[in-house]
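Source file final-v6.txt; content: compact mmCIF, C-alpha atoms and all ligand atoms.
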```
# COMPACT_ATOMS: atom_id res chain seq x y z
CA MET A 1 122.15 -51.98 -86.96
CA ALA A 2 122.26 -52.95 -90.64
CA LYS A 3 125.83 -53.75 -91.71
CA ASN A 4 125.35 -52.52 -95.22
CA ILE A 5 124.02 -49.06 -95.83
CA PHE A 6 124.13 -46.99 -99.00
CA CYS A 7 125.85 -43.79 -100.02
CA THR A 8 123.42 -40.88 -100.08
CA ARG A 9 125.36 -39.24 -102.86
CA CYS A 10 125.60 -42.01 -105.46
CA GLY A 11 123.32 -44.73 -104.09
CA SER A 12 126.03 -47.43 -103.95
CA ASP A 13 126.08 -50.04 -101.23
CA LEU A 14 128.40 -49.04 -98.45
CA ASP A 15 129.76 -50.84 -95.42
CA TYR A 16 128.45 -49.24 -92.26
CA GLN A 17 131.98 -48.95 -90.88
CA ALA A 18 133.42 -47.39 -94.06
CA THR A 19 133.83 -43.65 -93.75
CA GLN A 20 134.26 -42.92 -97.43
CA CYS A 21 132.38 -44.16 -100.50
CA GLN A 22 134.11 -45.06 -103.75
CA CYS A 23 132.55 -41.91 -105.24
CA GLY A 24 134.62 -39.92 -102.79
CA PHE A 25 131.77 -38.85 -100.56
CA ILE A 26 132.41 -38.92 -96.82
CA MET A 27 129.11 -39.64 -95.14
CA PRO A 28 128.64 -37.93 -91.79
CA SER A 29 128.37 -40.47 -88.97
CA GLU A 30 124.96 -39.24 -87.85
CA GLU A 31 123.60 -39.78 -91.36
CA ARG A 32 125.15 -43.25 -91.53
CA ARG A 33 123.46 -44.08 -88.27
CA ILE A 34 120.03 -42.89 -89.49
CA ILE A 35 120.28 -44.75 -92.80
CA GLY A 36 121.43 -47.87 -90.96
CA TYR A 37 118.54 -47.64 -88.55
CA ASN A 38 115.97 -47.10 -91.31
CA LEU A 39 117.30 -49.99 -93.38
CA GLU A 40 117.16 -52.21 -90.31
CA THR A 41 113.53 -51.27 -89.85
CA ILE A 42 112.81 -52.12 -93.49
CA ASN A 43 114.56 -55.48 -93.18
CA ASN A 44 112.64 -56.38 -90.06
CA SER A 45 109.20 -55.31 -91.19
CA ILE A 46 106.76 -58.03 -92.12
CA LEU A 47 103.84 -57.38 -94.41
CA ILE A 48 101.98 -60.69 -94.17
CA ASP A 49 101.42 -62.17 -90.75
CA GLU A 50 102.97 -65.66 -90.71
CA GLU A 51 99.92 -66.86 -88.83
CA TYR A 52 97.90 -67.20 -92.08
CA ALA A 53 100.35 -69.71 -93.54
CA TYR A 54 100.73 -71.50 -90.23
CA ILE A 55 97.04 -72.14 -89.58
CA THR A 56 96.41 -73.17 -93.18
CA ILE A 57 99.24 -75.68 -93.22
CA SER A 58 98.18 -77.02 -89.80
CA SER A 59 94.63 -77.47 -91.04
CA PHE A 60 95.90 -79.35 -94.08
CA GLU A 61 98.04 -81.61 -91.90
CA ASP A 62 95.10 -82.17 -89.60
CA LEU A 63 93.04 -83.28 -92.60
CA LEU A 64 95.73 -85.71 -93.75
CA ASN A 65 96.38 -87.14 -90.30
CA ASN A 66 92.93 -87.33 -88.77
CA TYR A 67 90.36 -87.54 -91.52
CA GLN A 68 91.54 -90.32 -93.79
CA LEU A 69 89.20 -93.23 -94.47
CA SER A 70 90.12 -96.44 -92.70
CA SER A 71 91.04 -99.54 -94.73
CA LEU A 72 88.03 -101.50 -93.55
CA TYR A 73 84.35 -100.67 -93.34
CA PHE A 74 81.55 -103.11 -92.50
CA THR A 75 78.68 -100.94 -93.62
CA SER A 76 78.35 -98.45 -96.40
CA GLY A 77 76.94 -96.01 -93.84
CA GLY A 78 80.23 -96.00 -91.94
CA ALA A 79 82.27 -95.34 -95.08
CA LYS A 80 79.93 -92.64 -96.20
CA LYS A 81 79.97 -90.97 -92.82
CA ALA A 82 83.78 -90.95 -92.71
CA TYR A 83 83.92 -89.54 -96.20
CA GLU A 84 81.39 -86.84 -95.37
CA LYS A 85 83.31 -85.90 -92.25
CA LYS A 86 86.42 -85.48 -94.34
CA VAL A 87 84.61 -83.35 -96.91
CA ASP A 88 82.98 -81.34 -94.20
CA PHE A 89 86.32 -80.52 -92.59
CA LEU A 90 87.72 -79.57 -95.96
CA LYS A 91 84.82 -77.27 -96.68
CA SER A 92 84.41 -75.69 -93.29
CA ASP A 93 88.03 -75.49 -92.12
CA LEU A 94 90.71 -75.82 -94.78
CA LEU A 95 89.15 -74.04 -97.76
CA PRO A 96 88.12 -70.90 -95.84
CA LYS A 97 91.64 -70.67 -94.41
CA ILE A 98 93.19 -70.98 -97.86
CA GLU A 99 90.79 -68.39 -99.18
CA ASN A 100 91.62 -66.02 -96.35
CA TRP A 101 95.34 -66.42 -96.81
CA ARG A 102 95.04 -66.00 -100.55
CA GLU A 103 93.10 -62.78 -100.06
CA ILE A 104 95.74 -61.37 -97.72
CA ILE A 105 98.41 -62.23 -100.27
CA GLN A 106 96.45 -60.50 -102.99
CA ILE A 107 95.99 -57.34 -100.92
CA SER A 108 99.69 -57.33 -100.09
CA ASP A 109 100.52 -57.80 -103.73
CA GLU A 110 98.54 -54.66 -104.50
CA LYS A 111 100.41 -52.75 -101.80
CA ILE A 112 103.70 -53.75 -103.39
CA SER A 113 102.44 -52.65 -106.78
CA LEU A 114 101.64 -49.26 -105.34
CA GLU A 115 105.16 -48.99 -103.94
CA LYS A 116 106.51 -49.95 -107.32
CA VAL A 117 104.42 -47.27 -108.99
CA GLU A 118 105.58 -44.82 -106.37
CA LEU A 119 109.23 -45.59 -107.07
CA PHE A 120 108.97 -45.38 -110.83
CA SER A 121 106.81 -42.27 -110.65
CA LYS A 122 109.59 -40.61 -108.69
CA ILE A 123 112.17 -41.68 -111.26
CA TYR A 124 109.93 -40.45 -114.04
CA GLY A 125 109.27 -37.14 -112.31
CA ILE A 126 112.96 -36.54 -111.58
CA THR A 127 114.01 -37.24 -115.17
CA GLU A 128 111.32 -34.83 -116.36
CA LEU A 129 112.69 -32.13 -114.08
CA ILE A 130 116.22 -32.75 -115.30
CA LEU A 131 115.36 -32.91 -118.99
CA LYS A 132 112.61 -30.35 -119.27
CA GLU A 133 113.37 -27.79 -116.60
CA TYR A 134 117.07 -27.95 -115.93
CA PHE A 135 118.53 -28.55 -119.39
CA GLY A 136 115.58 -27.91 -121.69
CA PRO A 137 113.64 -30.43 -123.75
CA PHE A 138 115.67 -30.03 -126.96
CA THR A 139 119.19 -30.34 -125.60
CA ILE A 140 119.48 -34.08 -125.11
CA LYS A 141 122.23 -34.68 -127.67
CA GLU A 142 124.11 -31.50 -126.87
CA ASN A 143 124.34 -32.40 -123.17
CA ASN A 144 124.63 -36.19 -123.55
CA LEU A 145 121.43 -36.81 -121.64
CA GLU A 146 120.43 -39.99 -123.48
CA VAL A 147 120.75 -41.99 -120.28
CA PHE A 148 118.00 -39.88 -118.72
CA THR A 149 115.65 -40.39 -121.63
CA GLU A 150 116.23 -44.11 -121.21
CA PHE A 151 115.36 -43.93 -117.54
CA ARG A 152 112.34 -41.80 -118.30
CA ASP A 153 111.00 -44.33 -120.82
CA PHE A 154 111.92 -47.27 -118.61
CA SER A 155 110.09 -45.80 -115.63
CA ARG A 156 107.08 -44.86 -117.75
CA TYR A 157 106.91 -48.40 -119.00
CA GLN A 158 107.15 -49.79 -115.47
CA VAL A 159 104.41 -47.49 -114.23
CA SER A 160 102.16 -48.29 -117.16
CA THR A 161 102.45 -52.07 -116.88
CA THR A 162 101.97 -51.99 -113.12
CA VAL A 163 98.96 -49.71 -113.41
CA LEU A 164 97.40 -51.97 -116.03
CA GLU A 165 98.11 -55.20 -114.20
CA THR A 166 96.63 -54.08 -110.96
CA GLU A 167 94.10 -51.48 -112.08
CA ILE A 168 95.55 -48.91 -109.72
CA ASP A 169 94.39 -45.48 -110.77
CA PHE A 170 95.76 -42.04 -110.31
CA THR A 171 93.71 -41.35 -107.19
CA ASP A 172 95.55 -44.23 -105.49
CA ILE A 173 98.87 -42.75 -106.47
CA LYS A 174 97.84 -39.32 -105.29
CA THR A 175 97.36 -40.66 -101.79
CA THR A 176 100.76 -42.35 -101.66
CA ASN A 177 103.56 -40.59 -99.94
CA LEU A 178 106.03 -39.34 -102.48
CA GLY A 179 108.37 -38.38 -99.69
CA THR A 180 110.78 -35.55 -100.18
CA ILE A 181 110.19 -35.47 -103.90
CA GLY A 182 107.19 -33.29 -103.44
CA HIS A 183 104.31 -32.06 -105.41
CA ASN A 184 105.77 -30.70 -108.60
CA ILE A 185 106.82 -34.22 -109.50
CA LEU A 186 103.49 -35.65 -108.57
CA ASP A 187 101.89 -33.08 -110.84
CA SER A 188 104.00 -34.02 -113.82
CA VAL A 189 103.31 -37.70 -113.21
CA GLY A 190 99.65 -36.95 -112.70
CA ASN A 191 99.40 -35.08 -115.97
CA THR A 192 101.04 -37.86 -117.86
CA LEU A 193 98.91 -40.56 -116.29
CA ASP A 194 95.83 -38.53 -116.76
CA LYS A 195 96.57 -37.98 -120.41
CA GLY A 196 96.63 -41.72 -120.83
CA SER A 197 100.05 -41.74 -122.38
CA PHE A 198 101.27 -44.36 -119.91
CA LYS A 199 98.56 -46.62 -121.15
CA GLU A 200 99.39 -46.37 -124.79
CA LEU A 201 102.82 -47.80 -123.98
CA SER A 202 101.67 -51.20 -123.00
CA LYS A 203 98.59 -52.68 -124.49
CA LYS A 204 97.34 -55.63 -122.56
CA THR A 205 97.42 -58.32 -125.20
CA GLU A 206 98.39 -61.23 -123.01
CA TRP A 207 98.14 -62.36 -119.43
CA SER A 208 100.66 -60.84 -117.11
CA ASP A 209 102.52 -63.03 -114.60
CA SER A 210 100.51 -61.74 -111.69
CA ASP A 211 97.22 -62.38 -113.49
CA VAL A 212 98.22 -65.97 -114.05
CA LYS A 213 99.21 -66.42 -110.43
CA ARG A 214 95.95 -65.00 -109.20
CA VAL A 215 93.77 -67.01 -111.54
CA LYS A 216 95.62 -70.21 -110.70
CA ALA A 217 94.94 -69.76 -107.02
CA GLU A 218 91.28 -69.00 -107.60
CA VAL A 219 90.82 -71.97 -109.91
CA GLY A 220 92.51 -74.30 -107.41
CA VAL A 221 90.02 -73.47 -104.70
CA ALA A 222 87.05 -73.50 -107.03
CA ILE A 223 87.87 -76.95 -108.43
CA ALA A 224 88.16 -78.44 -104.97
CA GLY A 225 84.81 -76.97 -104.02
CA GLU A 226 83.00 -78.17 -107.11
CA LEU A 227 84.36 -81.68 -106.93
CA ILE A 228 83.08 -82.17 -103.41
CA VAL A 229 79.57 -81.23 -104.44
CA GLY A 230 79.67 -83.57 -107.46
CA ILE A 231 80.92 -86.58 -105.59
CA GLY A 232 78.26 -86.33 -102.93
CA SER A 233 75.60 -87.00 -105.51
CA ILE A 234 77.42 -90.01 -107.01
CA ILE A 235 77.46 -91.75 -103.65
CA SER A 236 73.76 -91.50 -103.00
CA GLN A 237 72.77 -92.54 -106.50
CA THR A 238 74.62 -95.79 -106.70
CA GLN A 239 74.14 -99.10 -105.02
CA ASP A 240 77.64 -100.36 -104.49
CA ALA A 241 78.18 -97.67 -101.91
CA ILE A 242 81.42 -98.65 -100.20
CA LYS A 243 83.14 -99.08 -103.55
CA ASN A 244 81.88 -95.72 -104.72
CA VAL A 245 82.94 -94.02 -101.54
CA ARG A 246 86.43 -95.38 -102.21
CA ILE A 247 86.39 -94.04 -105.76
CA ALA A 248 85.20 -90.67 -104.54
CA ASP A 249 87.83 -90.66 -101.83
CA ASN A 250 90.59 -91.42 -104.33
CA GLU A 251 89.51 -88.54 -106.48
CA LEU A 252 89.35 -86.32 -103.48
CA ASN A 253 92.89 -87.34 -102.52
CA CYS A 254 94.07 -86.33 -105.99
CA LYS A 255 92.47 -82.96 -105.42
CA LEU A 256 94.19 -82.72 -102.07
CA GLU A 257 97.48 -82.95 -103.92
CA GLU A 258 96.41 -79.97 -105.97
CA ILE A 259 95.60 -78.16 -102.76
CA ASN A 260 99.04 -79.09 -101.50
CA ASP A 261 100.55 -77.49 -104.62
CA LEU A 262 98.38 -74.46 -104.09
CA ILE A 263 99.59 -74.11 -100.49
CA ASN A 264 103.18 -74.36 -101.71
CA SER A 265 102.69 -71.72 -104.35
CA LEU A 266 101.04 -69.40 -101.84
CA SER A 267 104.05 -69.82 -99.54
CA ILE A 268 106.39 -69.01 -102.40
CA GLU A 269 104.34 -65.98 -103.31
CA GLU A 270 104.32 -64.80 -99.73
CA ASN A 271 108.12 -64.96 -99.57
CA GLU A 272 108.40 -63.21 -102.89
CA ILE A 273 106.14 -60.39 -101.69
CA GLU A 274 108.19 -59.88 -98.54
CA LYS A 275 111.35 -59.77 -100.62
CA GLN A 276 109.83 -57.27 -103.04
CA LYS A 277 108.60 -55.14 -100.18
CA ARG A 278 112.12 -54.83 -98.77
CA LEU A 279 113.50 -54.17 -102.23
CA TYR A 280 111.09 -51.37 -103.10
CA ASP A 281 111.31 -49.84 -99.64
CA LYS A 282 115.07 -49.71 -99.99
CA CYS A 283 114.98 -48.33 -103.54
CA ASN A 284 112.46 -45.69 -102.53
CA MET A 285 114.72 -44.74 -99.67
CA ILE A 286 117.78 -44.49 -101.95
CA ILE A 287 115.93 -42.20 -104.35
CA ASP A 288 114.55 -40.05 -101.52
CA SER A 289 117.85 -39.67 -99.70
CA CYS A 290 119.94 -38.96 -102.79
CA TYR A 291 117.35 -36.56 -104.18
CA GLU A 292 117.28 -34.72 -100.88
CA ARG A 293 121.06 -34.38 -100.84
CA ILE A 294 121.86 -33.72 -104.49
CA LEU A 295 118.92 -32.38 -106.46
CA LYS A 296 116.53 -30.78 -104.01
CA PRO A 297 118.80 -27.83 -103.14
CA ILE A 298 119.57 -27.30 -106.83
CA PHE A 299 115.92 -27.31 -107.90
CA GLU A 300 114.95 -25.08 -105.01
CA GLU A 301 117.53 -22.56 -106.09
CA LEU A 302 116.45 -22.90 -109.71
CA ASN A 303 112.86 -22.23 -108.73
CA ASN A 304 113.99 -18.98 -107.12
CA ASP A 305 116.14 -17.79 -109.99
CA PRO A 306 114.47 -14.67 -111.48
CA VAL A 307 115.60 -15.43 -115.02
CA TYR A 308 114.28 -18.99 -114.81
CA ILE A 309 111.00 -17.76 -113.29
CA GLU A 310 110.52 -15.34 -116.16
CA TYR A 311 111.35 -18.05 -118.69
CA ARG A 312 108.93 -20.49 -117.10
CA ASP A 313 106.09 -17.99 -117.25
CA LYS A 314 106.79 -17.24 -120.88
CA ARG A 315 106.83 -20.95 -121.64
CA ILE A 316 103.26 -21.54 -120.45
CA PRO A 317 101.55 -20.96 -123.83
CA PHE A 318 104.10 -23.25 -125.51
CA ASP A 319 103.40 -25.97 -122.96
CA LEU A 320 99.69 -25.57 -123.54
CA GLU A 321 100.11 -25.81 -127.29
CA GLN A 322 102.10 -29.00 -126.85
CA GLU A 323 99.44 -30.38 -124.54
CA ARG A 324 96.80 -29.59 -127.13
CA ILE A 325 98.81 -31.32 -129.86
CA LYS A 326 99.18 -34.38 -127.65
CA MET A 327 95.44 -34.47 -127.09
CA ASP A 328 94.79 -34.24 -130.82
CA ASP A 329 97.22 -37.08 -131.42
CA GLU A 330 95.55 -39.17 -128.77
CA ALA A 331 92.12 -38.41 -130.18
CA LEU A 332 93.19 -39.46 -133.66
CA ASN A 333 94.43 -42.76 -132.26
CA GLU A 334 91.25 -43.44 -130.38
CA ASN A 335 88.85 -45.87 -132.03
CA VAL A 336 85.25 -44.82 -132.36
CA SER A 337 82.53 -46.41 -134.43
CA ILE A 338 82.33 -44.71 -137.77
CA SER A 339 79.18 -44.61 -139.85
CA PHE A 340 79.71 -45.54 -143.49
CA TRP A 341 76.67 -43.55 -144.68
CA GLY A 342 77.67 -40.60 -142.52
CA CYS A 343 81.12 -40.51 -144.11
CA LEU A 344 79.64 -40.82 -147.57
CA LEU A 345 77.10 -38.08 -147.13
CA ASN A 346 79.22 -35.55 -145.29
CA ASN A 347 82.22 -33.71 -146.61
CA ASN A 348 85.70 -34.23 -145.15
CA ALA A 349 85.63 -31.23 -142.87
CA ARG A 350 82.28 -32.24 -141.43
CA ASN A 351 83.48 -35.82 -140.89
CA TYR A 352 86.63 -34.61 -139.22
CA LYS A 353 84.64 -32.40 -136.88
CA VAL A 354 82.07 -35.04 -135.93
CA TYR A 355 84.52 -37.85 -135.31
CA TRP A 356 87.09 -35.68 -133.58
CA LYS A 357 84.42 -34.65 -131.12
CA LYS A 358 83.36 -38.25 -130.53
CA ARG A 359 86.96 -39.25 -129.90
CA ILE A 360 87.88 -36.44 -127.56
CA LYS A 361 84.70 -37.12 -125.61
CA LYS A 362 85.59 -40.77 -125.36
CA LEU A 363 88.94 -39.71 -123.90
CA ASN A 364 87.06 -37.47 -121.51
CA LYS A 365 89.15 -34.50 -122.50
CA LEU A 366 86.76 -32.15 -124.22
CA ASP A 367 86.66 -29.78 -121.24
CA ARG A 368 90.42 -29.55 -120.92
CA TYR A 369 90.76 -29.08 -124.66
CA SER A 370 88.24 -26.26 -124.70
CA GLU A 371 89.88 -24.69 -121.67
CA ILE A 372 93.28 -24.67 -123.40
CA ASN A 373 91.75 -23.25 -126.54
CA SER A 374 90.14 -20.42 -124.68
CA ILE A 375 93.40 -19.57 -122.86
CA LEU A 376 95.28 -19.64 -126.15
CA LYS A 377 92.42 -17.83 -127.87
CA SER A 378 92.51 -20.36 -130.66
CA LYS A 379 89.84 -22.31 -132.48
CA ARG A 380 89.45 -26.02 -133.07
CA HIS A 381 91.01 -27.47 -136.20
CA LYS A 382 88.69 -27.97 -139.14
CA THR A 383 90.60 -30.62 -141.03
CA ILE A 384 93.25 -33.20 -140.37
CA ALA A 385 95.66 -31.24 -142.57
CA GLU A 386 95.13 -28.15 -140.47
CA CYS A 387 95.80 -30.22 -137.37
CA SER A 388 99.11 -31.52 -138.66
CA SER A 389 100.38 -28.20 -139.98
CA TYR A 390 99.55 -26.67 -136.58
CA LYS A 391 101.63 -29.39 -134.96
CA GLU A 392 104.60 -28.69 -137.18
CA LEU A 393 104.42 -24.93 -136.78
CA LYS A 394 104.04 -24.98 -133.01
CA LEU A 395 106.87 -27.42 -132.52
CA SER A 396 109.21 -25.24 -134.49
CA GLU A 397 108.09 -22.12 -132.61
CA PHE A 398 108.70 -23.94 -129.34
CA LYS A 399 112.17 -24.99 -130.49
CA ASP A 400 113.01 -21.40 -131.42
CA PHE A 401 111.75 -20.17 -128.08
CA GLU A 402 113.85 -22.73 -126.25
CA MET A 403 116.95 -21.99 -128.31
CA ILE A 404 116.84 -18.29 -127.50
CA ASN A 405 116.01 -18.73 -123.83
CA ARG A 406 118.35 -21.61 -123.12
CA ARG A 407 121.24 -19.50 -124.37
CA VAL A 408 120.64 -17.18 -121.43
CA LEU A 409 119.67 -19.84 -118.91
CA LYS A 410 122.74 -21.92 -119.65
CA SER A 411 124.98 -19.21 -118.27
CA ARG A 412 123.03 -18.75 -115.03
CA PRO A 413 125.27 -19.90 -112.15
CA ILE A 414 122.62 -22.31 -110.83
CA ILE A 415 122.74 -24.16 -114.13
CA SER A 416 126.34 -23.75 -115.21
CA ASN A 417 127.79 -24.62 -111.79
CA ASN A 418 125.72 -27.71 -111.03
CA LYS A 419 125.66 -29.50 -114.35
CA ARG A 420 127.98 -32.26 -113.22
CA GLU A 421 126.03 -32.94 -110.06
CA VAL A 422 122.74 -33.15 -111.94
CA ILE A 423 124.13 -35.45 -114.64
CA GLY A 424 125.78 -37.48 -111.88
CA PHE A 425 122.32 -38.41 -110.62
CA ALA A 426 122.25 -41.02 -113.37
CA GLN A 427 124.49 -43.06 -111.05
CA VAL A 428 121.72 -43.21 -108.48
CA PHE A 429 119.22 -44.42 -111.09
CA ASN A 430 121.73 -47.01 -112.27
CA LYS A 431 122.14 -48.25 -108.73
CA VAL A 432 118.38 -48.58 -108.25
CA LYS A 433 118.00 -50.37 -111.57
CA TYR A 434 120.84 -52.70 -110.63
CA ASN A 435 119.17 -53.50 -107.29
CA ILE A 436 115.91 -54.30 -109.02
CA ASN A 437 117.46 -56.47 -111.70
CA ASN A 438 119.62 -58.40 -109.25
CA SER A 439 117.21 -58.94 -106.41
ZN ZN A 501 128.94 -42.73 -103.18
```
Re-express the file's structure as structure tokens.
Amino acid sequence: MAKNIFCTRCGSDLDYQATQCQCGFIMPSEERRIIGYNLETINNSILIDEEYAYITISSFEDLLNNYQLSSLYFTSGGAKKAYEKKVDFLKSDLLPKIENWREIIQISDEKISLEKVELFSKIYGITELILKEYFGPFTIKENNLEVFTEFRDFSRYQVSTTVLETEIDFTDIKTTNLGTIGHNILDSVGNTLDKGSFKELSKKTEWSDSDVKRVKAEVGVAIAGELIVGIGSIISQTQDAIKNVRIADNELNCKLEEINDLINSLSIEENEIEKQKRLYDKCNMIIDSCYERILKPIFEELNNDPVYIEYRDKRIPFDLEQERIKMDDEALNENVSISFWGCLLNNNARNYKVYWKKRIKKLNKLDRYSEINSILKSKRHKTIAECSSYKELKLSEFKDFEMINRRVLKSRPIISNNKREVIGFAQVFNKVKYNINNS
């Protein structure tokens, strides 16, 4: 049984024997037992079979111990044969094993990235529920919710960089288990991802750490392979064969040192992946358990509140208008090739229309845009000025709508009685962030 568990109310580490957390929560013993058992399972699970490292290292040792050239050769044929045997072993035994191991590490790395995306998607989704549904999108100052906007942006950033680094797409995320958090969160994450707004956050201008790691490993293997081929031809072309075999062998030994470094870095990466796996498993579990205890009952009740239901239905056109505005913004930021002569010959309105259509098509959002327009019974903008005055007007209408409705919602018992609990969830996010930063 894991000695350290965590509090399912605030997410803090807790001694298994302790009955009460510093937040005051007394965890039932059955729950402590379950959390302890699940954490134990996480700590004992292994993602990468140790066998891959073991057989690779053994093969390398075998090469060093049994395939070195002897100090004395009487004929060039003997030296050449010994050298070729060494190269042959390297090519047929060691390199495939390294390649295999490296591949497993890469696949595991992608699994971890998916878990990371899963975790930060949950955090993102929960902050959206708190900010948009529970308190309302324009009440951040009034309710001191800045900490949640920070977590929302932080988690969006984390999702976006992970998605870009690994080229995970939304269909991968859709198939991951979002646990107790459920589908409404997945939907909000899905919408955001789909709208590409995660991507705009982090533009890939430089190599990420994981790219560098991956490329390094690939280059290491490739260099070793190429060198072997090159040296083979030197030997046969020259006359002073024994001497040249020695030169080739020296160079090969230098390369073996590179392979040694490569093996070390793969071992380090393997350990790092196992550590990360335990970390993200634990953090996912903290979020799931605390959400289940604190927020799930509150949001379930909110979703059944007749006043909230009515409000949510009335909000639909406002949400659609905001979605449309976001799409227009995205389209305007999208680069498309612009024809100089076209711009010169057409008037502004015509240019706006043509290029807007190109852009929205490039974003693959023309259908959704038209769908929203037909629901709202509105027409496309004709000029950029029209677009921006629409944006201003609709935002202010949305604010007015929220102001009126939130006045009523605020006094509903489900909202007025649970405010502290909902705001208190920031503690759980803090705990998860702390775990990630201090792992
Ligand atoms: Zn606690």
Q: Just give me the residues with any atom within 10 Å of (114.5, -56.4, -102.9), file coordinates, counting only C-alpha atoms, written as number ranges by chain.
A: A: 43, 272-283, 435-439
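Closest approach to ligand ZN 501 (chain A) among A:Val307, A:Leu409, A:Ile294, A:Leu64 is made by A:Ile294 (distances from all atoms listed in the file).
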(Q) Around ligand ZN 501 (chain A), which protein and nucleic acid residues have at least one atom no more than 10 Å from it, if we count only C-alpha atoms and all ligand atoms? List them as a ChimeraX atom specification. (A) /A:6-14,20-27,290,427-428
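When CA of Lys122 in chain A is paired with CA of Asn418 in chain A, their separation reads 20.8 Å.
Put simply, CA of Ala426 in chain A is 23.1 Å away from CA of Thr162 in chain A.
Pairwise distance (CA of Asn373 in chain A, CA of Trp356 in chain A) equals 15.0 Å.
Considering the residues A:Val163, A:Val87, A:Leu366, A:Ile325 and counting all atoms listed in the file, Lys391 in chain A has its shortest atom-to-atom contact with A:Ile325.
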Please identify all polymer residues lying at most 7 Å from the point (109.6, -44.4, -112.5) (file coordinates), using only C-alpha atoms, and present the result as a tab-separated table (two decimals) with C-alpha atoms, keeping the file's coordinate frame.
```
chain	number	residue	atom	x	y	z
A	117	VAL	CA	104.42	-47.27	-108.99
A	119	LEU	CA	109.23	-45.59	-107.07
A	120	PHE	CA	108.97	-45.38	-110.83
A	121	SER	CA	106.81	-42.27	-110.65
A	122	LYS	CA	109.59	-40.61	-108.69
A	123	ILE	CA	112.17	-41.68	-111.26
A	124	TYR	CA	109.93	-40.45	-114.04
A	152	ARG	CA	112.34	-41.80	-118.30
A	155	SER	CA	110.09	-45.80	-115.63
A	156	ARG	CA	107.08	-44.86	-117.75
A	158	GLN	CA	107.15	-49.79	-115.47
A	159	VAL	CA	104.41	-47.49	-114.23
```
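For the residues A:Arg420, A:Arg246, A:Lys326, A:Lys431, ranking by smallest atom-to-atom distance to Cys387 in chain A using only C-alpha atoms places A:Lys326 first.
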